[in-house]
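Undergrad: This is work-v2.pdb (PDB, C-alpha atoms and all ligand atoms).
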ATOM      1  CA  MET G  12      -7.540  14.517   9.608
ATOM      2  CA  ALA G  13      -4.850  11.884   9.752
ATOM      3  CA  GLY G  14      -1.865  10.393   8.018
ATOM      4  CA  ARG G  15      -0.701   6.835   8.518
ATOM      5  CA  TYR G  16       1.956   4.206   8.149
ATOM      6  CA  ALA G  17       0.642   0.798   7.142
ATOM      7  CA  PRO G  18       3.285  -1.936   7.265
ATOM      8  CA  SER G  19       2.663  -5.547   6.293
ATOM      9  CA  PRO G  20       3.985  -7.740   9.118
ATOM     10  CA  THR G  21       6.173  -9.939   6.945
ATOM     11  CA  GLY G  22       9.528  -9.425   8.655
ATOM     12  CA  ASN G  23      11.751  -6.778  10.200
ATOM     13  CA  LEU G  24      11.510  -3.285   8.786
ATOM     14  CA  HIS G  25      14.624  -2.216   6.893
ATOM     15  CA  VAL G  26      16.037   1.275   6.670
ATOM     16  CA  GLY G  27      13.991   2.008   3.532
ATOM     17  CA  ASN G  28      10.760   1.092   5.331
ATOM     18  CA  LEU G  29      11.840   3.128   8.360
ATOM     19  CA  ARG G  30      12.558   6.089   6.109
ATOM     20  CA  THR G  31       9.064   5.881   4.602
ATOM     21  CA  ALA G  32       7.604   5.683   8.127
ATOM     22  CA  ILE G  33       9.576   8.761   9.202
ATOM     23  CA  LEU G  34       8.387  10.623   6.110
ATOM     24  CA  ALA G  35       4.750   9.670   6.742
ATOM     25  CA  TRP G  36       5.148  10.917  10.331
ATOM     26  CA  LEU G  37       6.777  14.185   9.159
ATOM     27  CA  PHE G  38       4.056  14.834   6.577
ATOM     28  CA  ALA G  39       1.294  14.166   9.125
ATOM     29  CA  ARG G  40       2.769  16.022  12.094
ATOM     30  CA  SER G  41       3.884  19.017  10.019
ATOM     31  CA  THR G  42       0.308  19.494   8.830
ATOM     32  CA  GLY G  43      -1.297  19.109  12.262
ATOM     33  CA  ARG G  44      -2.698  15.686  11.459
ATOM     34  CA  ASP G  45      -2.992  12.666  13.674
ATOM     35  CA  PHE G  46      -0.637   9.849  12.748
ATOM     36  CA  LEU G  47      -2.020   6.310  12.734
ATOM     37  CA  LEU G  48      -0.393   2.924  12.518
ATOM     38  CA  ARG G  49      -2.238   0.185  10.663
ATOM     39  CA  ILE G  50      -1.085  -3.408  10.508
ATOM     40  CA  GLU G  51      -1.871  -4.847   7.071
ATOM     41  CA  ASP G  52      -2.123  -8.477   8.068
ATOM     42  CA  LEU G  53      -4.550  -9.916   5.521
ATOM     43  CA  ASP G  54      -1.770 -11.731   3.744
ATOM     44  CA  ARG G  55       1.609 -13.397   4.343
ATOM     45  CA  VAL G  56       2.023 -12.710   8.049
ATOM     46  CA  ARG G  57       5.156 -13.765   9.884
ATOM     47  CA  ALA G  58       4.659 -14.683  13.539
ATOM     48  CA  GLY G  59       6.103 -12.071  15.890
ATOM     49  CA  SER G  60       6.636  -9.568  13.131
ATOM     50  CA  GLU G  61       3.918  -7.128  14.193
ATOM     51  CA  ALA G  62       5.358  -6.696  17.695
ATOM     52  CA  GLN G  63       8.859  -6.477  16.245
ATOM     53  CA  GLN G  64       7.892  -3.752  13.760
ATOM     54  CA  ILE G  65       6.142  -1.760  16.496
ATOM     55  CA  ARG G  66       9.322  -1.977  18.585
ATOM     56  CA  GLU G  67      11.432  -0.842  15.647
ATOM     57  CA  LEU G  68       9.211   2.178  14.986
ATOM     58  CA  THR G  69       9.347   3.086  18.674
ATOM     59  CA  ASP G  70      13.116   2.604  18.778
ATOM     60  CA  ILE G  71      13.673   5.221  16.091
ATOM     61  CA  GLY G  72      11.478   7.631  18.055
ATOM     62  CA  LEU G  73       8.174   7.571  16.180
ATOM     63  CA  ASP G  74       4.888   7.886  18.013
ATOM     64  CA  TRP G  75       1.304   7.525  16.855
ATOM     65  CA  ASP G  76      -2.210   8.234  17.999
ATOM     66  CA  GLY G  77      -4.365   5.510  19.497
ATOM     67  CA  THR G  78      -3.678   1.804  19.284
ATOM     68  CA  PRO G  79      -2.671   0.296  15.950
ATOM     69  CA  ALA G  80      -5.540  -1.025  13.828
ATOM     70  CA  ARG G  81      -5.278  -4.540  12.426
ATOM     71  CA  GLN G  82      -6.884  -5.335   9.105
ATOM     72  CA  SER G  83      -7.656  -8.903  10.174
ATOM     73  CA  GLU G  84     -10.057  -7.440  12.759
ATOM     74  CA  ARG G  85     -11.895  -5.267  10.269
ATOM     75  CA  LEU G  86     -13.285  -7.837   7.850
ATOM     76  CA  ALA G  87     -16.918  -6.776   8.360
ATOM     77  CA  LEU G  88     -16.054  -3.308   7.112
ATOM     78  CA  TYR G  89     -14.597  -4.656   3.864
ATOM     79  CA  GLU G  90     -17.539  -7.003   3.325
ATOM     80  CA  HIS G  91     -19.902  -4.108   3.803
ATOM     81  CA  ALA G  92     -18.146  -2.083   1.095
ATOM     82  CA  ILE G  93     -18.057  -5.099  -1.238
ATOM     83  CA  ASP G  94     -21.784  -5.696  -0.681
ATOM     84  CA  SER G  95     -22.605  -2.096  -1.477
ATOM     85  CA  LEU G  96     -20.666  -2.299  -4.764
ATOM     86  CA  THR G  97     -22.324  -5.605  -5.641
ATOM     87  CA  ALA G  98     -25.788  -4.189  -4.890
ATOM     88  CA  ARG G  99     -25.064  -1.482  -7.473
ATOM     89  CA  GLY G 100     -23.995  -3.987 -10.138
ATOM     90  CA  LEU G 101     -20.354  -2.899  -9.832
ATOM     91  CA  THR G 102     -18.783  -6.315  -9.308
ATOM     92  CA  PHE G 103     -18.578  -9.641 -11.107
ATOM     93  CA  GLU G 104     -17.313 -13.094 -10.265
ATOM     94  CA  CYS G 105     -14.136 -14.166 -12.001
ATOM     95  CA  PHE G 106     -12.984 -17.743 -12.414
ATOM     96  CA  CYS G 107      -9.810 -17.081 -14.376
ATOM     97  CA  THR G 108      -6.500 -18.616 -13.387
ATOM     98  CA  ARG G 109      -3.349 -16.538 -13.740
ATOM     99  CA  ARG G 110      -2.638 -18.503 -16.865
ATOM    100  CA  ASP G 111      -6.072 -17.775 -18.388
ATOM    101  CA  ILE G 112      -5.419 -14.093 -17.828
ATOM    102  CA  ALA G 113      -1.884 -14.181 -19.245
ATOM    103  CA  GLU G 114      -3.141 -15.972 -22.373
ATOM    104  CA  ALA G 115      -6.089 -13.674 -22.973
ATOM    105  CA  ALA G 116      -4.006 -10.599 -22.193
ATOM    106  CA  SER G 117      -1.513 -11.452 -24.903
ATOM    107  CA  ALA G 118      -4.196 -11.209 -27.609
ATOM    108  CA  PRO G 119      -3.504  -8.394 -30.103
ATOM    109  CA  HIS G 120      -6.407  -6.136 -29.043
ATOM    110  CA  ALA G 121      -5.753  -6.469 -25.285
ATOM    111  CA  LEU G 122      -4.909  -3.345 -23.296
ATOM    112  CA  PRO G 123      -1.535  -3.919 -21.598
ATOM    113  CA  GLY G 124      -1.858  -4.537 -17.864
ATOM    114  CA  HIS G 125      -5.645  -4.767 -18.022
ATOM    115  CA  TYR G 126      -7.816  -7.699 -17.025
ATOM    116  CA  PRO G 127      -8.967  -8.997 -20.425
ATOM    117  CA  GLY G 128     -12.643  -9.146 -19.478
ATOM    118  CA  THR G 129     -13.051 -12.919 -19.828
ATOM    119  CA  CYS G 130     -15.630 -13.317 -17.005
ATOM    120  CA  ARG G 131     -17.192  -9.865 -17.196
ATOM    121  CA  ASP G 132     -20.257 -10.885 -19.154
ATOM    122  CA  LEU G 133     -20.798 -14.557 -18.367
ATOM    123  CA  SER G 134     -24.389 -15.738 -18.556
ATOM    124  CA  ASP G 135     -26.026 -17.109 -15.400
ATOM    125  CA  GLU G 136     -25.622 -20.634 -16.771
ATOM    126  CA  GLU G 137     -21.941 -20.167 -17.554
ATOM    127  CA  ARG G 138     -21.358 -18.785 -14.088
ATOM    128  CA  GLU G 139     -23.191 -21.699 -12.464
ATOM    129  CA  GLU G 140     -21.102 -24.143 -14.398
ATOM    130  CA  ARG G 141     -17.814 -22.476 -13.511
ATOM    131  CA  ARG G 142     -18.728 -22.259  -9.840
ATOM    132  CA  ARG G 143     -18.755 -26.041  -9.792
ATOM    133  CA  SER G 144     -15.095 -26.250 -10.745
ATOM    134  CA  ARG G 145     -13.436 -23.265  -9.082
ATOM    135  CA  PRO G 146     -14.029 -20.701  -6.344
ATOM    136  CA  SER G 147     -14.483 -17.246  -7.795
ATOM    137  CA  ALA G 148     -12.664 -14.027  -7.106
ATOM    138  CA  LEU G 149     -14.697 -10.842  -7.210
ATOM    139  CA  ARG G 150     -13.669  -8.049  -9.569
ATOM    140  CA  LEU G 151     -14.737  -4.455  -9.846
ATOM    141  CA  ARG G 152     -16.805  -3.739 -12.957
ATOM    142  CA  SER G 153     -14.813  -0.669 -13.844
ATOM    143  CA  ARG G 154     -16.298   1.967 -16.132
ATOM    144  CA  VAL G 155     -13.005   3.691 -16.914
ATOM    145  CA  ASN G 156      -9.604   2.709 -18.306
ATOM    146  CA  GLN G 157      -7.644   5.542 -16.723
ATOM    147  CA  TRP G 158      -7.935   7.692 -13.627
ATOM    148  CA  ALA G 159      -5.985  10.759 -12.578
ATOM    149  CA  ILE G 160      -4.730  11.489  -9.103
ATOM    150  CA  SER G 161      -2.803  14.355  -7.684
ATOM    151  CA  ASP G 162       0.391  13.648  -5.773
ATOM    152  CA  LEU G 163       2.450  16.107  -3.738
ATOM    153  CA  ILE G 164       5.662  14.732  -5.245
ATOM    154  CA  HIS G 165       4.636  13.451  -8.682
ATOM    155  CA  GLY G 166       2.036  16.100  -9.512
ATOM    156  CA  GLU G 167      -0.871  15.061 -11.702
ATOM    157  CA  TYR G 168      -0.526  11.333 -12.379
ATOM    158  CA  GLU G 169      -2.782   9.344 -14.663
ATOM    159  CA  GLY G 170      -2.680   5.565 -14.646
ATOM    160  CA  ALA G 171      -4.475   2.404 -15.677
ATOM    161  CA  VAL G 172      -7.685   1.212 -14.063
ATOM    162  CA  ASP G 173      -9.064  -2.172 -14.987
ATOM    163  CA  ASP G 174     -11.487  -4.690 -13.534
ATOM    164  CA  PHE G 175      -9.187  -5.376 -10.586
ATOM    165  CA  VAL G 176      -9.793  -7.974  -7.892
ATOM    166  CA  ILE G 177     -11.519  -6.712  -4.752
ATOM    167  CA  ARG G 178     -12.008 -10.099  -3.084
ATOM    168  CA  ARG G 179      -9.596 -12.926  -3.731
ATOM    169  CA  ASN G 180     -10.758 -16.422  -4.524
ATOM    170  CA  ASP G 181      -9.759 -17.554  -1.017
ATOM    171  CA  GLY G 182     -12.358 -15.117   0.326
ATOM    172  CA  ALA G 183      -9.895 -12.516   1.656
ATOM    173  CA  PRO G 184     -10.481  -8.876   0.730
ATOM    174  CA  ALA G 185      -7.857  -7.641  -1.706
ATOM    175  CA  TYR G 186      -5.280  -5.083  -0.586
ATOM    176  CA  ASN G 187      -6.610  -2.513  -3.104
ATOM    177  CA  LEU G 188     -10.035  -2.660  -1.483
ATOM    178  CA  ALA G 189      -8.969  -2.870   2.170
ATOM    179  CA  VAL G 190      -6.596   0.089   1.954
ATOM    180  CA  VAL G 191      -9.274   2.344   0.455
ATOM    181  CA  VAL G 192     -11.969   1.318   2.939
ATOM    182  CA  ASP G 193      -9.601   1.652   5.898
ATOM    183  CA  ASP G 194      -8.188   5.017   4.968
ATOM    184  CA  HIS G 195     -11.691   6.426   4.669
ATOM    185  CA  ALA G 196     -13.068   4.729   7.792
ATOM    186  CA  GLN G 197     -10.081   5.882   9.855
ATOM    187  CA  GLY G 198     -10.312   9.492   8.703
ATOM    188  CA  VAL G 199      -7.027   9.245   6.803
ATOM    189  CA  ASP G 200      -6.888  12.078   4.295
ATOM    190  CA  GLN G 201      -3.136  11.950   3.641
ATOM    191  CA  VAL G 202      -1.495   8.844   2.181
ATOM    192  CA  VAL G 203       2.311   8.813   2.274
ATOM    193  CA  ARG G 204       3.980   5.601   1.103
ATOM    194  CA  GLY G 205       6.668   4.211  -1.183
ATOM    195  CA  ASP G 206       6.487   5.119  -4.859
ATOM    196  CA  ASP G 207       6.284   1.429  -5.801
ATOM    197  CA  LEU G 208       2.564   1.889  -5.041
ATOM    198  CA  LEU G 209       2.062   4.924  -7.279
ATOM    199  CA  SER G 210       0.825   2.829 -10.199
ATOM    200  CA  SER G 211      -1.851   1.169  -7.999
ATOM    201  CA  THR G 212      -3.151   4.511  -6.825
ATOM    202  CA  PRO G 213      -5.443   5.365  -9.770
ATOM    203  CA  ARG G 214      -7.272   2.064  -9.139
ATOM    204  CA  GLN G 215      -7.624   2.832  -5.453
ATOM    205  CA  ALA G 216      -8.728   6.420  -6.037
ATOM    206  CA  TYR G 217     -11.303   5.302  -8.611
ATOM    207  CA  LEU G 218     -12.667   2.716  -6.178
ATOM    208  CA  GLY G 219     -12.837   5.393  -3.487
ATOM    209  CA  SER G 220     -14.798   7.635  -5.839
ATOM    210  CA  LEU G 221     -17.319   4.836  -6.488
ATOM    211  CA  LEU G 222     -17.752   4.448  -2.731
ATOM    212  CA  GLY G 223     -18.330   8.188  -2.421
ATOM    213  CA  TYR G 224     -15.109   8.910  -0.554
ATOM    214  CA  PRO G 225     -13.270  12.212  -1.058
ATOM    215  CA  ALA G 226      -9.790  11.717  -2.562
ATOM    216  CA  PRO G 227      -6.992  11.814   0.023
ATOM    217  CA  GLU G 228      -3.809  13.807  -0.480
ATOM    218  CA  TYR G 229      -1.080  11.503  -1.796
ATOM    219  CA  ALA G 230       2.701  11.633  -1.500
ATOM    220  CA  HIS G 231       4.593   8.713  -3.028
ATOM    221  CA  VAL G 232       8.119   8.918  -1.719
ATOM    222  CA  PRO G 233      11.286   7.532  -3.322
ATOM    223  CA  LEU G 234      12.360   4.060  -2.271
ATOM    224  CA  ALA G 235      15.673   2.908  -0.882
ATOM    225  CA  LEU G 236      17.780   0.976  -3.406
ATOM    226  CA  ASN G 237      20.908  -1.123  -3.066
ATOM    227  CA  ALA G 238      24.146  -0.291  -4.870
ATOM    228  CA  ASP G 239      22.907  -2.240  -7.937
ATOM    229  CA  GLY G 240      19.813  -0.079  -8.199
ATOM    230  CA  GLN G 241      17.447  -2.790  -6.936
ATOM    231  CA  ARG G 242      14.870  -2.285  -4.234
ATOM    232  CA  LEU G 243      16.553  -2.688  -0.833
ATOM    233  CA  ALA G 244      15.969  -6.081   0.789
ATOM    234  CA  LYS G 245      17.213  -8.194   3.662
ATOM    235  CA  ARG G 246      19.861  -9.805   1.481
ATOM    236  CA  ASP G 247      21.615  -6.445   1.186
ATOM    237  CA  GLY G 248      23.551  -6.915   4.418
ATOM    238  CA  ALA G 249      23.005  -4.856   7.555
ATOM    239  CA  VAL G 250      19.755  -3.055   6.723
ATOM    240  CA  THR G 251      17.518  -3.686   9.749
ATOM    241  CA  LEU G 252      17.871  -2.209  13.241
ATOM    242  CA  GLU G 253      18.683  -5.682  14.506
ATOM    243  CA  ASP G 254      21.474  -6.224  11.951
ATOM    244  CA  LEU G 255      22.825  -2.754  12.549
ATOM    245  CA  ALA G 256      22.765  -3.111  16.345
ATOM    246  CA  SER G 257      24.879  -6.221  15.961
ATOM    247  CA  ILE G 258      27.597  -4.096  14.375
ATOM    248  CA  ALA G 259      27.178  -1.378  17.020
ATOM    249  CA  VAL G 260      25.039   1.063  15.036
ATOM    250  CA  GLU G 261      22.329   2.201  17.446
ATOM    251  CA  PRO G 262      18.752   3.157  16.470
ATOM    252  CA  HIS G 263      19.357   6.893  16.973
ATOM    253  CA  GLU G 264      22.339   6.637  14.595
ATOM    254  CA  VAL G 265      20.176   4.871  12.027
ATOM    255  CA  ARG G 266      17.613   7.640  12.363
ATOM    256  CA  ALA G 267      20.386  10.210  11.860
ATOM    257  CA  LEU G 268      21.483   8.438   8.645
ATOM    258  CA  ILE G 269      17.891   8.483   7.393
ATOM    259  CA  LEU G 270      17.441  12.168   8.243
ATOM    260  CA  ASP G 271      20.773  12.945   6.525
ATOM    261  CA  SER G 272      19.481  11.195   3.417
ATOM    262  CA  LEU G 273      16.474  13.533   3.515
ATOM    263  CA  GLY G 274      18.624  16.650   3.908
ATOM    264  CA  LEU G 275      17.134  17.295   7.377
ATOM    265  CA  PRO G 276      18.744  18.117  10.734
ATOM    266  CA  ASN G 277      19.792  14.751  12.075
ATOM    267  CA  HIS G 278      19.958  15.042  15.862
ATOM    268  CA  SER G 279      16.233  14.655  16.623
ATOM    269  CA  LEU G 280      12.871  14.080  15.028
ATOM    270  CA  SER G 281      11.567  17.340  16.433
ATOM    271  CA  ALA G 282      14.419  19.285  14.798
ATOM    272  CA  ALA G 283      13.678  17.466  11.539
ATOM    273  CA  LEU G 284       9.992  18.293  11.911
ATOM    274  CA  ALA G 285      10.720  21.983  12.425
ATOM    275  CA  ALA G 286      12.807  22.039   9.222
ATOM    276  CA  PHE G 287      10.598  19.752   7.132
ATOM    277  CA  ASP G 288       9.720  21.122   3.699
ATOM    278  CA  PRO G 289       8.039  18.653   1.322
ATOM    279  CA  GLY G 290       9.095  20.767  -1.654
ATOM    280  CA  ALA G 291      12.771  20.304  -0.777
ATOM    281  CA  LEU G 292      12.707  16.500  -0.458
ATOM    282  CA  PRO G 293      15.097  14.521  -2.643
ATOM    283  CA  ARG G 294      13.277  13.160  -5.703
ATOM    284  CA  GLU G 295      15.807  10.419  -6.337
ATOM    285  CA  PRO G 296      15.869   7.010  -4.669
ATOM    286  CA  TRP G 297      18.111   6.649  -1.634
ATOM    287  CA  VAL G 298      21.041   4.423  -2.555
ATOM    288  CA  VAL G 299      22.075   2.482   0.527
ATOM    289  CA  SER G 300      25.409   0.757   0.893
ATOM    290  CA  ASN G 301      27.633  -0.118   3.850
ATOM    291  CA  LEU G 302      25.551   1.590   6.513
ATOM    292  CA  GLY G 303      27.733   0.291   9.299
ATOM    293  CA  SER G 304      31.038   1.580   7.976
TER     294      SER G 304
HETATM  295  N1  LIG A   1       1.061  -2.552   3.448
HETATM  296  C1  LIG A   1       1.662  -1.978   2.292
HETATM  297  C2  LIG A   1       3.141  -2.294   2.289
HETATM  298  O1  LIG A   1       3.697  -2.619   3.320
HETATM  299  C3  LIG A   1       1.549  -0.471   2.241
HETATM  300  C4  LIG A   1       0.216  -0.027   1.860
HETATM  301  C5  LIG A   1       0.001   1.460   1.875
HETATM  302  O2  LIG A   1       0.770   2.207   2.488
HETATM  303  O3  LIG A   1      -1.002   1.867   1.297
HETATM  304  O4  LIG A   1       3.741  -2.246   1.251
END
Could you render the structure as structure tokens?

TA:
Amino acid sequence: MAGRYAPSPTGNLHVGNLRTAILAWLFARSTGRDFLLRIEDLDRVRAGSEAQQIRELTDIGLDWDGTPARQSERLALYEHAIDSLTARGLTFECFCTRRDIAEAASAPHALPGHYPGTCRDLSDEEREERRRSRPSALRLRSRVNQWAISDLIHGEYEGAVDDFVIRRNDGAPAYNLAVVVDDHAQGVDQVVRGDDLLSSTPRQAYLGSLLGYPAPEYAHVPLALNADGQRLAKRDGAVTLEDLASIAVEPHEVRALILDSLGLPNHSLSAALAAFDPGALPREPWVVSNLGS
């Protein structure tokens, strides 16, 4: 049994990311699970960012089991899952551009947010012809429109499932596939992450069910927002450990601010762990402003 934190190495972690990491650690450790770190580096990697993020997580006192896994080293695993879906007739090649999809999706009968099905039933000849002009993405041939998941914070949550992409047209496995395959392969049965990913979760859980994986426990935690109610980002001033250190706010003080925001004892992670009660977590986003003052 394990929980995990799975950052994308695209830059320094900010206090909202660090808060999610602390929560994932608290959920895992308070339930006797291992805690794993997985580097989601299939996309948009910034050089040096992986090592930097690992330092930041260490600096606020988090620890994890084993060495971090890197998605870029696990491609065979994703291909294997994709092949097994394809062998069962559960995938199809898609040649649509974003524009094709936007146009077809605006038709009156289209289901909002759903792939409009343009390439789902191409004939062999049509497919051959399209292959000559464009590389294909691979989509899941979904048999449902909706899927329900159960979340420790949001309760029963039902959301859209469509024929989503599982391999991009540049050949890279899609995030929605890789995350499901990895969590299962790594023994992760508890997924704690930001609630911006809640709406993707029915797709992932449905895919997991097709692959025969038991559903993990989910907890989608509130994000950090800036004073204008937008998702916290680098432009919001001193929001990374590096920025905060430059105005003399040390990592343990940042951790204390995060634990305060969670209503937990703020002097150590072990004190926070002893007091951790998922039922008592704030349900509202954390509004962050002027951390250094
Ligand atoms: N790598 C994703 C992110 O940084 C998180 C994926 C997940 O936790 O499932 O947003």

Undergrad: Could you tell me which residues the PyMOL selection byres (((not hetatm)) within 9 of (chain A and resi 1)) returns for this structure, as a PyMOL selection string?

TA: chain G and resi 15-21+28+49-52+186-187+190-191+194+202-205+207-208+212

Undergrad: Next, dump the selected residues to file, keeping only C-alpha atoms, as a CSV table (one decimal), keeping the file's coordinate frame.

TA:
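Listed below is the output, result21.csv:
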chain,number,residue,atom,x,y,z
G,15,ARG,CA,-0.7,6.8,8.5
G,16,TYR,CA,2.0,4.2,8.1
G,17,ALA,CA,0.6,0.8,7.1
G,18,PRO,CA,3.3,-1.9,7.3
G,19,SER,CA,2.7,-5.5,6.3
G,20,PRO,CA,4.0,-7.7,9.1
G,21,THR,CA,6.2,-9.9,6.9
G,28,ASN,CA,10.8,1.1,5.3
G,49,ARG,CA,-2.2,0.2,10.7
G,50,ILE,CA,-1.1,-3.4,10.5
G,51,GLU,CA,-1.9,-4.8,7.1
G,52,ASP,CA,-2.1,-8.5,8.1
G,186,TYR,CA,-5.3,-5.1,-0.6
G,187,ASN,CA,-6.6,-2.5,-3.1
G,190,VAL,CA,-6.6,0.1,2.0
G,191,VAL,CA,-9.3,2.3,0.5
G,194,ASP,CA,-8.2,5.0,5.0
G,202,VAL,CA,-1.5,8.8,2.2
G,203,VAL,CA,2.3,8.8,2.3
G,204,ARG,CA,4.0,5.6,1.1
G,205,GLY,CA,6.7,4.2,-1.2
G,207,ASP,CA,6.3,1.4,-5.8
G,208,LEU,CA,2.6,1.9,-5.0
G,212,THR,CA,-3.2,4.5,-6.8

Undergrad: Hey, what's within 9 Å of Ile269 (chain G) if we count only C-alpha atoms and toss same-chain stuff fewer than 3 positions away? As a count of residues only, please?

TA: 13

Undergrad: Between CA of Ala148 (chain G) and CA of Pro184 (chain G), what is the distance, to one decimal in Å?

TA: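 Distance between the two atoms: 9.6 Å.
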
Undergrad: Can you pull out the residues contacting Ile164 (chain G)? Cut-off 12 Å, using all atoms listed in the file, and skip same-chain residues under 6 positions away; I want them as a PyMOL selection string.

TA: chain G and resi 38+202-206+209+228-233+288-295

Undergrad: To verify the selection step, state as an mmCIF file with C-alpha atoms, keeping the file's coordinate frame which residues the PyMOL selection byres (((chain G and resi 93) around 9) and not hetatm) yields on this input.

TA:
data_model
loop_
_atom_site.group_PDB
_atom_site.id
_atom_site.type_symbol
_atom_site.label_atom_id
_atom_site.label_comp_id
_atom_site.auth_asym_id
_atom_site.auth_seq_id
_atom_site.Cartn_x
_atom_site.Cartn_y
_atom_site.Cartn_z
ATOM 1 C CA LEU G 88 -16.054 -3.308 7.112
ATOM 2 C CA TYR G 89 -14.597 -4.656 3.864
ATOM 3 C CA GLU G 90 -17.539 -7.003 3.325
ATOM 4 C CA HIS G 91 -19.902 -4.108 3.803
ATOM 5 C CA ALA G 92 -18.146 -2.083 1.095
ATOM 6 C CA ASP G 94 -21.784 -5.696 -0.681
ATOM 7 C CA SER G 95 -22.605 -2.096 -1.477
ATOM 8 C CA LEU G 96 -20.666 -2.299 -4.764
ATOM 9 C CA THR G 97 -22.324 -5.605 -5.641
ATOM 10 C CA ALA G 98 -25.788 -4.189 -4.890
ATOM 11 C CA THR G 102 -18.783 -6.315 -9.308
ATOM 12 C CA LEU G 149 -14.697 -10.842 -7.210
ATOM 13 C CA ILE G 177 -11.519 -6.712 -4.752
ATOM 14 C CA ARG G 178 -12.008 -10.099 -3.084
ATOM 15 C CA PRO G 184 -10.481 -8.876 0.730
ATOM 16 C CA LEU G 188 -10.035 -2.660 -1.483
#

Undergrad: Written as a list in words, which residues does the PyMOL selection byres (((chain G and resi 139-146) around 12) and not hetatm) give for the file shown?

TA: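 Residues picked by the PyMOL selection byres (((chain G and resi 139-146) around 12) and not hetatm): Glu104, Cys105, Phe106, Cys107, Thr108, Cys130, Leu133, Ser134, Asp135, Glu136, Glu137, Arg138, Ser147, Ala148, Leu149, Arg178, Arg179, Asn180, Asp181 and Gly182 of chain G.
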
Undergrad: Give me the residues within 8 Å of Trp75 (chain G) as a PyMOL selection string, counting only C-alpha atoms and dropping any in the same chain fewer than 3 places off.

TA: chain G and resi 45-48+78

Undergrad: Taking into account only C-alpha atoms, which residue in the set G:Ala80, G:Ile160, G:Ala185, G:Leu280 is nearest to Pro225 (chain G)?

TA: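 Among the listed residues, G:Ile160 lies closest to Pro225 (chain G).
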
Undergrad: Between G:Ala183, G:Ile71, G:Gly303, G:His25, single out the one closest to Leu270 (chain G), counting all atoms listed in the file.

TA: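 Selected residue with least distance to Leu270 (chain G): G:Ile71.
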